[in-house]
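Raw contents of input_39.cif, mmCIF, C-alpha atoms:
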```
data_my_file
loop_
_atom_site.label_atom_id
_atom_site.label_comp_id
_atom_site.auth_asym_id
_atom_site.auth_seq_id
_atom_site.Cartn_x
_atom_site.Cartn_y
_atom_site.Cartn_z
CA MET A 1 28.72 15.16 -66.93
CA GLY A 2 26.96 17.39 -64.41
CA GLU A 3 25.33 15.99 -61.30
CA ARG A 4 22.38 14.82 -63.33
CA THR A 5 21.73 14.71 -67.06
CA ILE A 6 18.52 13.54 -68.69
CA TYR A 7 19.14 12.62 -72.32
CA THR A 8 16.19 12.28 -74.65
CA ILE A 9 16.82 10.80 -78.07
CA GLY A 10 14.52 11.30 -81.05
CA ARG A 11 15.50 9.38 -84.16
CA GLN A 12 14.73 8.66 -87.78
CA PHE A 13 13.90 4.99 -88.38
CA GLY A 14 17.09 3.08 -89.24
CA SER A 15 19.43 5.86 -88.10
CA GLY A 16 20.76 3.82 -85.19
CA GLY A 17 19.40 6.29 -82.62
CA ARG A 18 18.33 3.51 -80.29
CA GLN A 19 21.78 1.91 -80.49
CA VAL A 20 23.36 5.30 -79.75
CA GLY A 21 21.12 5.56 -76.66
CA LYS A 22 22.02 2.05 -75.49
CA ALA A 23 25.76 2.59 -76.03
CA LEU A 24 25.58 5.98 -74.25
CA ALA A 25 23.78 4.39 -71.28
CA GLU A 26 26.42 1.67 -71.05
CA ARG A 27 29.30 4.12 -71.35
CA LEU A 28 27.86 6.39 -68.62
CA GLY A 29 26.43 3.59 -66.48
CA ILE A 30 22.96 5.14 -66.31
CA PRO A 31 19.49 3.65 -66.95
CA TYR A 32 18.07 3.38 -70.46
CA TYR A 33 14.33 3.61 -71.13
CA ASP A 34 12.74 2.60 -74.41
CA LYS A 35 10.05 -0.13 -74.49
CA GLU A 36 10.74 -0.42 -70.73
CA LEU A 37 8.55 2.67 -70.32
CA LEU A 38 5.53 0.75 -71.60
CA ALA A 39 5.77 -1.92 -68.89
CA MET A 40 6.27 0.78 -66.24
CA ALA A 41 3.32 2.82 -67.50
CA ALA A 42 1.18 -0.33 -67.52
CA LYS A 43 2.17 -1.06 -63.93
CA ASP A 44 1.49 2.56 -62.91
CA SER A 45 -1.99 2.57 -64.44
CA GLY A 46 -3.51 -0.86 -64.34
CA PHE A 47 -3.94 -0.85 -68.15
CA SER A 48 -2.35 -3.84 -69.88
CA GLU A 49 1.17 -3.64 -71.28
CA GLU A 50 -0.20 -4.89 -74.64
CA LEU A 51 -2.44 -1.83 -74.83
CA PHE A 52 0.59 0.49 -74.43
CA HIS A 53 2.44 -1.50 -77.09
CA SER A 54 -0.43 -1.18 -79.56
CA ALA A 55 -0.61 2.60 -79.03
CA ASP A 56 3.17 3.15 -78.86
CA GLU A 57 4.22 6.38 -80.61
CA LYS A 58 0.91 6.56 -82.47
CA PRO A 59 -1.09 9.77 -82.39
CA ALA A 60 -4.54 9.86 -80.92
CA SER A 61 -7.58 8.93 -82.59
CA SER A 62 -9.18 10.74 -85.43
CA LEU A 63 -12.72 12.03 -85.04
CA LEU A 64 -13.91 8.71 -86.48
CA TYR A 65 -12.03 6.78 -83.80
CA SER A 66 -13.53 9.02 -81.12
CA LEU A 67 -17.01 8.37 -82.44
CA VAL A 68 -16.40 4.63 -82.57
CA MET A 69 -15.12 4.71 -79.01
CA GLY A 70 -18.18 6.68 -78.04
CA ASN A 71 -16.16 9.40 -76.34
CA TYR A 72 -16.66 12.36 -78.66
CA PRO A 73 -17.79 15.33 -76.55
CA MET A 74 -21.38 15.91 -77.63
CA SER A 75 -21.76 18.82 -75.23
CA SER A 76 -19.23 21.60 -74.77
CA GLY A 77 -16.80 21.58 -71.84
CA THR A 78 -13.48 20.04 -70.88
CA LEU A 79 -13.12 16.31 -71.13
CA GLY A 80 -12.45 14.32 -67.98
CA PHE A 81 -9.69 11.69 -68.08
CA ASN A 82 -12.14 8.84 -68.64
CA GLU A 83 -13.86 10.66 -71.48
CA MET A 84 -10.60 11.20 -73.42
CA PRO A 85 -9.71 9.07 -76.45
CA LEU A 86 -7.85 6.02 -75.20
CA ASN A 87 -4.54 7.00 -76.85
CA ASP A 88 -4.65 10.36 -75.08
CA GLN A 89 -5.19 8.61 -71.74
CA LEU A 90 -2.23 6.32 -72.44
CA PHE A 91 -0.12 9.33 -73.44
CA LEU A 92 -0.88 11.11 -70.15
CA ILE A 93 -0.04 8.03 -68.11
CA GLN A 94 3.20 7.52 -70.04
CA SER A 95 4.08 11.21 -69.54
CA ASN A 96 3.79 10.76 -65.80
CA THR A 97 6.03 7.68 -66.00
CA ILE A 98 8.61 9.72 -67.95
CA ARG A 99 8.53 12.53 -65.38
CA LYS A 100 8.95 9.95 -62.61
CA VAL A 101 12.04 8.28 -64.12
CA ALA A 102 13.58 11.69 -64.89
CA LYS A 103 13.24 12.63 -61.21
CA LYS A 104 15.23 9.58 -60.13
CA GLY A 105 18.49 10.78 -61.74
CA SER A 106 20.53 10.67 -64.95
CA CYS A 107 19.04 8.48 -67.68
CA ILE A 108 18.41 8.04 -71.39
CA ILE A 109 14.84 8.11 -72.76
CA ILE A 110 14.11 7.11 -76.35
CA GLY A 111 11.32 8.86 -78.30
CA ARG A 112 7.77 9.25 -76.92
CA CYS A 113 7.88 13.09 -76.82
CA ALA A 114 10.11 12.86 -73.72
CA ASP A 115 11.96 16.06 -74.69
CA TYR A 116 8.66 17.93 -74.87
CA ILE A 117 7.32 16.38 -71.65
CA LEU A 118 10.51 17.41 -69.81
CA LYS A 119 10.84 20.81 -71.52
CA GLY A 120 12.30 23.45 -69.19
CA ASN A 121 14.14 20.85 -67.09
CA PRO A 122 17.63 22.38 -66.67
CA ASP A 123 19.21 18.91 -66.77
CA LEU A 124 17.73 18.04 -70.16
CA ILE A 125 19.85 17.44 -73.25
CA SER A 126 17.63 16.57 -76.19
CA ILE A 127 19.20 14.81 -79.13
CA PHE A 128 18.01 13.87 -82.62
CA ILE A 129 19.81 11.17 -84.62
CA HIS A 130 19.32 11.00 -88.37
CA ALA A 131 21.05 9.63 -91.48
CA PRO A 132 20.59 9.69 -95.25
CA LEU A 133 17.84 7.36 -96.48
CA GLU A 134 20.27 4.96 -98.20
CA ALA A 135 22.18 4.41 -94.93
CA ARG A 136 18.92 3.84 -93.06
CA VAL A 137 17.65 1.37 -95.64
CA LYS A 138 20.91 -0.58 -95.33
CA ARG A 139 20.61 -0.67 -91.53
CA ALA A 140 16.93 -1.67 -91.69
CA VAL A 141 17.77 -4.64 -93.94
CA GLU A 142 20.92 -5.71 -92.07
CA CYS A 143 19.91 -5.11 -88.47
CA TYR A 144 16.10 -5.26 -88.37
CA GLU A 145 15.65 -7.89 -91.08
CA VAL A 146 13.26 -5.72 -93.09
CA PRO A 147 12.87 -7.17 -96.65
CA ALA A 148 15.09 -5.16 -99.02
CA ASP A 149 12.27 -4.35 -101.43
CA ARG A 150 10.17 -2.82 -98.65
CA ALA A 151 12.91 -1.17 -96.55
CA GLU A 152 12.59 2.34 -97.99
CA GLU A 153 8.83 2.32 -97.51
CA VAL A 154 9.20 1.00 -93.95
CA CYS A 155 11.70 3.77 -93.07
CA LEU A 156 9.50 6.53 -94.48
CA LYS A 157 6.27 5.19 -92.96
CA ASN A 158 7.81 4.85 -89.52
CA ASP A 159 9.20 8.39 -89.70
CA LYS A 160 5.80 9.70 -90.74
CA SER A 161 4.16 7.94 -87.83
CA ARG A 162 6.74 9.27 -85.33
CA ALA A 163 6.38 12.79 -86.72
CA ASN A 164 2.57 12.58 -86.50
CA PHE A 165 2.76 11.38 -82.90
CA TYR A 166 5.25 14.07 -81.89
CA ASN A 167 3.53 16.93 -83.71
CA TYR A 168 0.12 15.87 -82.35
CA TYR A 169 1.14 15.82 -78.69
CA SER A 170 3.64 18.71 -78.65
CA ASP A 171 3.73 22.28 -79.89
CA GLN A 172 7.11 21.60 -81.53
CA LYS A 173 8.08 19.99 -84.82
CA TRP A 174 9.67 16.55 -84.99
CA GLY A 175 13.03 16.59 -86.78
CA MET A 176 13.47 20.41 -86.78
CA CYS A 177 16.90 21.54 -85.52
CA ARG A 178 15.37 24.10 -83.14
CA THR A 179 13.49 21.33 -81.29
CA TYR A 180 16.73 19.73 -80.05
CA SER A 181 19.94 20.68 -78.22
CA LEU A 182 22.01 18.68 -80.70
CA SER A 183 21.36 16.73 -83.88
CA LEU A 184 23.79 14.35 -85.57
CA ASP A 185 24.08 12.49 -88.87
CA SER A 186 25.04 9.03 -87.57
CA SER A 187 26.30 7.92 -91.00
CA LEU A 188 29.25 10.33 -90.58
CA LEU A 189 30.22 9.35 -87.04
CA GLY A 190 29.10 5.76 -86.47
CA ILE A 191 27.39 4.69 -83.22
CA GLU A 192 30.44 5.10 -80.98
CA GLY A 193 31.33 8.42 -82.65
CA CYS A 194 27.84 9.73 -81.83
CA VAL A 195 28.33 8.65 -78.21
CA ASP A 196 31.71 10.45 -78.08
CA GLU A 197 30.12 13.56 -79.57
CA ILE A 198 27.19 13.59 -77.12
CA ILE A 199 29.52 13.19 -74.13
CA ARG A 200 31.70 16.04 -75.44
CA PHE A 201 28.60 18.19 -75.96
CA THR A 202 27.51 17.55 -72.37
CA GLU A 203 30.94 18.52 -71.00
CA LEU A 204 30.95 21.75 -73.04
CA ALA A 205 27.39 22.60 -71.98
CA ASP A 206 28.34 22.02 -68.33
CA LYS A 207 31.35 24.30 -68.74
CA ASN A 208 29.19 26.97 -70.38
CA LYS A 209 26.42 26.89 -67.75
CA ASN A 210 25.57 30.38 -66.51
CA HIS A 211 27.30 31.91 -69.52
CA CYS A 212 25.40 33.21 -72.51
CA ILE A 213 25.98 33.12 -76.24
CA MET B 214 40.80 17.78 -89.79
CA GLY B 215 41.18 15.85 -93.04
CA GLU B 216 43.16 17.18 -95.99
CA ARG B 217 40.33 19.50 -96.90
CA THR B 218 37.08 20.35 -95.14
CA ILE B 219 34.40 22.66 -96.48
CA TYR B 220 32.17 23.89 -93.67
CA THR B 221 28.84 25.45 -94.54
CA ILE B 222 26.93 27.16 -91.75
CA GLY B 223 23.19 27.84 -91.85
CA ARG B 224 21.87 29.81 -88.91
CA GLN B 225 18.82 31.28 -87.23
CA PHE B 226 19.01 35.07 -86.97
CA GLY B 227 20.64 36.05 -83.66
CA SER B 228 21.96 32.56 -82.93
CA GLY B 229 25.59 33.64 -83.32
CA GLY B 230 26.12 31.32 -86.32
CA ARG B 231 28.20 33.92 -88.13
CA GLN B 232 30.41 34.42 -85.06
CA VAL B 233 30.83 30.64 -84.78
CA GLY B 234 31.96 30.60 -88.43
CA LYS B 235 34.42 33.46 -87.88
CA ALA B 236 35.86 31.91 -84.71
CA LEU B 237 36.15 28.50 -86.44
CA ALA B 238 37.97 30.09 -89.41
CA GLU B 239 40.39 31.83 -87.04
CA ARG B 240 40.99 28.68 -84.98
CA LEU B 241 41.68 26.58 -88.11
CA GLY B 242 43.42 29.32 -90.08
CA ILE B 243 41.20 28.87 -93.15
CA PRO B 244 39.24 31.42 -95.24
CA TYR B 245 35.79 32.62 -94.20
CA TYR B 246 33.18 33.65 -96.77
CA ASP B 247 30.05 35.57 -95.89
CA LYS B 248 29.35 38.94 -97.52
CA GLU B 249 32.73 38.43 -99.20
CA LEU B 250 30.94 36.13 -101.65
CA LEU B 251 28.87 39.03 -102.94
CA ALA B 252 31.92 41.07 -103.97
CA MET B 253 33.46 38.00 -105.58
CA ALA B 254 30.27 37.14 -107.47
CA ALA B 255 30.04 40.76 -108.63
CA LYS B 256 33.61 40.60 -109.89
CA ASP B 257 32.94 37.24 -111.60
CA SER B 258 29.87 38.51 -113.41
CA GLY B 259 30.14 42.21 -114.12
CA PHE B 260 26.91 42.86 -112.17
CA SER B 261 27.32 45.46 -109.41
CA GLU B 262 28.06 44.44 -105.84
CA GLU B 263 25.07 46.52 -104.70
CA LEU B 264 22.78 44.35 -106.81
CA PHE B 265 24.05 41.21 -105.06
CA HIS B 266 23.56 42.91 -101.68
CA SER B 267 19.97 43.85 -102.50
CA ALA B 268 19.16 40.25 -103.55
CA ASP B 269 21.19 38.58 -100.78
CA GLU B 270 19.41 35.49 -99.40
CA LYS B 271 16.10 36.59 -100.89
CA PRO B 272 14.12 34.15 -103.00
CA ALA B 273 13.37 34.90 -106.61
CA SER B 274 10.66 36.96 -107.76
CA SER B 275 7.02 36.20 -107.52
CA LEU B 276 4.97 36.00 -110.70
CA LEU B 277 4.19 39.69 -110.22
CA TYR B 278 7.89 40.55 -110.10
CA SER B 279 8.50 38.49 -113.24
CA LEU B 280 5.75 40.34 -115.04
CA VAL B 281 7.10 43.72 -113.91
CA MET B 282 10.56 42.72 -115.06
CA GLY B 283 9.05 41.63 -118.36
CA ASN B 284 10.67 38.21 -118.20
CA TYR B 285 7.70 35.91 -117.64
CA PRO B 286 7.87 33.14 -120.24
CA MET B 287 4.90 33.85 -122.49
CA SER B 288 5.71 30.91 -124.72
CA SER B 289 6.60 27.43 -123.49
CA GLY B 290 10.20 26.23 -123.42
CA THR B 291 13.24 26.51 -121.18
CA LEU B 292 14.38 29.98 -120.17
CA GLY B 293 17.81 31.15 -121.27
CA PHE B 294 20.04 32.78 -118.64
CA ASN B 295 19.14 36.30 -119.78
CA GLU B 296 15.42 35.54 -119.69
CA MET B 297 15.55 34.35 -116.07
CA PRO B 298 14.29 36.52 -113.21
CA LEU B 299 17.20 38.65 -112.03
CA ASN B 300 17.43 36.97 -108.60
CA ASP B 301 17.74 33.58 -110.29
CA GLN B 302 20.59 34.90 -112.45
CA LEU B 303 22.35 36.25 -109.36
CA PHE B 304 21.80 32.94 -107.57
CA LEU B 305 23.42 31.00 -110.43
CA ILE B 306 26.40 33.35 -110.52
CA GLN B 307 26.81 33.12 -106.74
CA SER B 308 26.57 29.31 -106.92
CA ASN B 309 29.49 29.26 -109.32
CA THR B 310 31.47 31.51 -106.99
CA ILE B 311 30.72 29.12 -104.10
CA ARG B 312 31.86 26.10 -106.15
CA LYS B 313 35.02 28.00 -107.08
CA VAL B 314 36.04 28.87 -103.50
CA ALA B 315 35.25 25.31 -102.35
CA LYS B 316 37.66 23.97 -104.99
CA LYS B 317 40.50 26.08 -103.60
CA GLY B 318 40.67 24.21 -100.28
CA SER B 319 39.29 24.20 -96.73
CA CYS B 320 36.99 27.12 -95.92
CA ILE B 321 33.86 28.28 -94.11
CA ILE B 322 30.84 29.48 -96.09
CA ILE B 323 27.93 31.18 -94.35
CA GLY B 324 24.35 30.69 -95.63
CA ARG B 325 23.40 31.15 -99.29
CA CYS B 326 22.38 27.48 -99.85
CA ALA B 327 26.09 26.58 -99.94
CA ASP B 328 25.39 23.15 -98.39
CA TYR B 329 22.89 22.41 -101.17
CA ILE B 330 25.14 23.77 -103.91
CA LEU B 331 28.02 21.58 -102.67
CA LYS B 332 25.84 18.52 -101.92
CA GLY B 333 27.68 15.27 -102.60
CA ASN B 334 31.10 16.85 -102.00
CA PRO B 335 32.87 14.28 -99.75
CA ASP B 336 34.69 17.10 -97.91
CA LEU B 337 31.48 18.88 -96.91
CA ILE B 338 30.39 19.27 -93.29
CA SER B 339 27.13 21.20 -93.14
CA ILE B 340 26.19 22.82 -89.87
CA PHE B 341 23.10 24.60 -88.56
CA ILE B 342 23.31 26.91 -85.53
CA HIS B 343 20.14 27.79 -83.63
CA ALA B 344 19.07 29.03 -80.20
CA PRO B 345 15.84 29.67 -78.31
CA LEU B 346 14.07 32.87 -79.36
CA GLU B 347 14.77 34.67 -76.05
CA ALA B 348 18.53 34.14 -76.44
CA ARG B 349 18.41 35.37 -80.04
CA VAL B 350 16.41 38.46 -79.10
CA LYS B 351 19.02 39.26 -76.44
CA ARG B 352 21.85 38.88 -78.94
CA ALA B 353 20.04 40.95 -81.59
CA VAL B 354 19.61 43.82 -79.12
CA GLU B 355 23.10 43.61 -77.61
CA CYS B 356 25.20 42.81 -80.67
CA TYR B 357 23.26 44.06 -83.69
CA GLU B 358 21.66 47.09 -82.01
CA VAL B 359 18.15 46.04 -83.00
CA PRO B 360 15.57 48.08 -80.96
CA ALA B 361 14.32 45.89 -78.08
CA ASP B 362 10.65 46.33 -78.97
CA ARG B 363 11.24 45.09 -82.52
CA ALA B 364 13.88 42.42 -81.88
CA GLU B 365 11.53 39.42 -81.79
CA GLU B 366 9.87 40.48 -85.04
CA VAL B 367 13.27 41.07 -86.69
CA CYS B 368 14.49 37.58 -85.68
CA LEU B 369 11.36 35.86 -86.97
CA LYS B 370 11.20 37.85 -90.22
CA ASN B 371 14.85 37.19 -91.03
CA ASP B 372 14.40 33.47 -90.37
CA LYS B 373 11.34 33.41 -92.60
CA SER B 374 13.25 35.13 -95.38
CA ARG B 375 16.23 32.73 -95.06
CA ALA B 376 13.89 29.72 -95.05
CA ASN B 377 12.05 31.02 -98.13
CA PHE B 378 15.33 31.57 -99.96
CA TYR B 379 16.68 28.13 -99.04
CA ASN B 380 13.46 26.22 -99.73
CA TYR B 381 12.98 28.04 -103.04
CA TYR B 382 16.43 27.24 -104.45
CA SER B 383 16.96 23.77 -102.95
CA ASP B 384 14.97 20.55 -102.68
CA GLN B 385 15.74 20.42 -98.95
CA LYS B 386 14.16 22.13 -95.95
CA TRP B 387 15.92 24.92 -94.08
CA GLY B 388 16.32 24.16 -90.36
CA MET B 389 15.42 20.44 -90.61
CA CYS B 390 17.94 18.15 -88.86
CA ARG B 391 18.21 15.83 -91.86
CA THR B 392 19.46 18.72 -94.04
CA TYR B 393 22.68 19.07 -91.99
CA SER B 394 25.57 16.93 -90.73
CA LEU B 395 25.35 18.58 -87.30
CA SER B 396 23.08 21.11 -85.61
CA LEU B 397 23.78 22.86 -82.32
CA ASP B 398 21.90 25.03 -79.83
CA SER B 399 24.47 27.81 -79.33
CA SER B 400 22.82 29.01 -76.11
CA LEU B 401 24.01 25.79 -74.42
CA LEU B 402 27.63 25.88 -75.62
CA GLY B 403 28.54 29.53 -76.30
CA ILE B 404 30.47 30.53 -79.43
CA GLU B 405 33.78 28.90 -78.46
CA GLY B 406 31.95 25.77 -77.26
CA CYS B 407 30.31 25.45 -80.69
CA VAL B 408 33.73 25.77 -82.32
CA ASP B 409 35.14 23.03 -80.03
CA GLU B 410 32.18 20.80 -80.85
CA ILE B 411 32.50 21.29 -84.62
CA ILE B 412 36.22 20.51 -84.53
CA ARG B 413 35.55 17.38 -82.46
CA PHE B 414 32.80 16.36 -84.91
CA THR B 415 35.21 16.72 -87.84
CA GLU B 416 37.86 14.58 -86.10
CA LEU B 417 35.31 11.87 -85.36
CA ALA B 418 33.94 11.97 -88.92
CA ASP B 419 37.49 11.66 -90.29
CA LYS B 420 38.12 8.68 -88.03
CA ASN B 421 34.87 7.04 -89.14
CA LYS B 422 35.43 7.56 -92.88
CA ASN B 423 34.90 4.33 -94.82
CA HIS B 424 33.02 2.83 -91.90
CA CYS B 425 29.26 2.60 -91.79
CA ILE B 426 26.69 3.10 -89.06
#
```

Take the structure from the file and write it as structure tokens.
Amino acid sequence: MGERTIYTIGRQFGSGGRQVGKALAERLGIPYYDKELLAMAAKDSGFSEELFHSADEKPASSLLYSLVMGNYPMSSGTLGFNEMPLNDQLFLIQSNTIRKVAKKGSCIIIGRCADYILKGNPDLISIFIHAPLEARVKRAVECYEVPADRAEEVCLKNDKSRANFYNYYSDQKWGMCRTYSLSLDSSLLGIEGCVDEIIRFTELADKNKNHCI
Amino acid sequence: MGERTIYTIGRQFGSGGRQVGKALAERLGIPYYDKELLAMAAKDSGFSEELFHSADEKPASSLLYSLVMGNYPMSSGTLGFNEMPLNDQLFLIQSNTIRKVAKKGSCIIIGRCADYILKGNPDLISIFIHAPLEARVKRAVECYEVPADRAEEVCLKNDKSRANFYNYYSDQKWGMCRTYSLSLDSSLLGIEGCVDEIIRFTELADKNKNHCI
């Protein structure tokens, strides 16, 4: 690994992406940020941690929500921070938290548009972990205790929500190859195999730095 | 590598995906099929090779084309092979050619929905190679002699055409992570780095066979 590598991991629900991130962090001895980001963002902002949890990886407000919150811009002009929909405010705070942890040194960040927020950072390796639906359903039932008769629906709904969040806040598409440095089908490699593959990818990318295709 | 591995490679225009396929075939000493498939399909069918070239990775006919060709189904019922739009006939012939070469043993097949045609084959590793637009433009100008002022347009148009072809003939989405076993940004690894990574992936997948995530 180079002097500093920031890994971001996007993942389909049930693909084991979070476990890959945790195992990679342990193997490399670097910090791992998932729900931890919410507590940090809460501390940074003064908003409650519960509020960040309730908005986690959910896209902002529809027009209806904005109207309910009373912050729909009735006159033209740019919105100030306090006039933004609450989820947008939380997203901006969380983005700053992500930039702050990435400045500290090598780390793993799970989801939350981190790859988009850190786009252009030369130390970034953005990863997407996926798996066929049947493998994800199995994992959801066995590891997350999702009832078997609802597991498929839970996987698909969570993916939809993550895609909506990502596509709302970025100008990229969630789950498209071109959005990531590397994407892997975890059902073919297993968790530890994915970790091996990511480490190998990092070594090869380091070796290739300053070369071109 | 296991006893037999069939690699299919989808690729963004200018990403070097074809070169990765060629280099991988050389490294492993296995056959490589790209335009070669067209000559084989021509030989298999009696249609001319030129016809396969003109239809290569282009989706079937619009309604207009069908009407012009006089093969729009005016009565209900399933179309026979000879009543199908010509591009659909060529696609079916080419699919059979792809299944035939895959049966012979390990090989590399570039594009042409080969991953979809061979879906469910336990020896299949499907790969997608991509790169940022600026790297692809550079490659298009330097390697394919595309005029610099048209290179971006050529890259985007070719990708659009490949996506249309793939999405028309398969029930999967071209360029989505979940469609492939592995996807790589070639600008980070270089051609030989991609080859190293694919070989490593295959070894890890072999090791993980019969395990689950």

- Closest of B:Leu401, B:Ala268, B:Ala255, B:Leu237 to Asp123 of chain A, counting all atoms listed in the file, is B:Leu401

- Provide as a list in words the residues of chain A at most 7 Å from chain B, counting all atoms listed in the file. His130, Ala131, Gly175, Met176, Cys177, Arg178, Ser181, Leu182, Ser183, Leu184, Asp185, Ser186, Ser187, Leu188, Leu189, Gly190, Ile191, Gly193, Glu197, Phe201, Leu204, Ala205, Asn208, Cys212 and Ile213 of chain A

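Among the candidates B:Ser308, B:Ser267, B:Asn295, B:Ser258, the one nearest to Ser383 of chain B when counting all atoms listed in the file is B:Ser308.
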
- Message: Show me the residues close to (42.6, 19.0, -96.3) - anything with an atom within 10 Å, counting all atoms listed in the file - and format the list as a PyMOL selection string.
- Response: chain B and resi 214-219+318-320+336

- Query: In Å to one decimal, how far is atom CA of Arg27 of chain A from atom CA of Lys104 of chain A?
  - Reply: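 Taking atom CA of Lys104 of chain A as the start and atom CA of Arg27 of chain A as the end point, the length is 18.8 Å.
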
Using all atoms of segment 227-245 of chain B that appear in the file, construct an axis-aligned enclosing box with 5 Å of padding on every side and provide its centre coordinates and edge lengths in Å, rounded to one decimal, as AutoDock Vina command-line options.
```
--center_x 32.0 --center_y 31.3 --center_z -89.1 --size_x 32.8 --size_y 19.5 --size_z 22.3
```

- Message: Selection in question (the file shown): the PyMOL selection byres ((chain A and resi 34) around 8). Which residues does it include, as a PyMOL selection string?
- Response: chain A and resi 32-33+35-38+109-111

Selection above as a file: C-alpha atoms, as a PDB file, keeping the file's coordinate frame:
```pdb
ATOM      1  CA  TYR A  32      18.070   3.380 -70.460  1.00  0.00           C
ATOM      2  CA  TYR A  33      14.330   3.610 -71.130  1.00  0.00           C
ATOM      3  CA  LYS A  35      10.050  -0.130 -74.490  1.00  0.00           C
ATOM      4  CA  GLU A  36      10.740  -0.420 -70.730  1.00  0.00           C
ATOM      5  CA  LEU A  37       8.550   2.670 -70.320  1.00  0.00           C
ATOM      6  CA  LEU A  38       5.530   0.750 -71.600  1.00  0.00           C
ATOM      7  CA  ILE A 109      14.840   8.110 -72.760  1.00  0.00           C
ATOM      8  CA  ILE A 110      14.110   7.110 -76.350  1.00  0.00           C
ATOM      9  CA  GLY A 111      11.320   8.860 -78.300  1.00  0.00           C
TER      10      GLY A 111
END
```

- Go through the shown structure with the PyMOL selection byres ((chain A and resi 156-167) around 6) and write out the matching residues as a PyMOL selection string. chain A and resi 12-13+57-59+113+153-155+168-170+173-174

- Item | Separation of atom CA of Asp44 of chain A from atom CA of Leu86 of chain A in Å |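 Separation between atom CA of Leu86 of chain A and atom CA of Asp44 of chain A: 15.8 Å.
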
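Across the model, the gap from atom CA of Met40 of chain A to atom CA of Cys143 of chain A is 26.7 Å.
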
- Message: What's around Leu337 of chain B at 8 Å? Count all atoms listed in the file, leave out sequence neighbours fewer than 5 positions away in its own chain, and write the answer as a list in words.
- Response: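 Listing them by chain and then by number gives Thr218, Ile219, Tyr220, Thr221, Asp328, Leu331 and Lys332 of chain B.
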
Just C-alpha atoms for this one: save the residues we selected as a PDB file, in the frame of the given file.
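Heads up, here's the output in selection08.pdb:
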```pdb
ATOM      1  CA  THR B 218      37.080  20.350 -95.140  1.00  0.00           C
ATOM      2  CA  ILE B 219      34.400  22.660 -96.480  1.00  0.00           C
ATOM      3  CA  TYR B 220      32.170  23.890 -93.670  1.00  0.00           C
ATOM      4  CA  THR B 221      28.840  25.450 -94.540  1.00  0.00           C
ATOM      5  CA  ASP B 328      25.390  23.150 -98.390  1.00  0.00           C
ATOM      6  CA  LEU B 331      28.020  21.580-102.670  1.00  0.00           C
ATOM      7  CA  LYS B 332      25.840  18.520-101.920  1.00  0.00           C
TER       8      LYS B 332
END
```
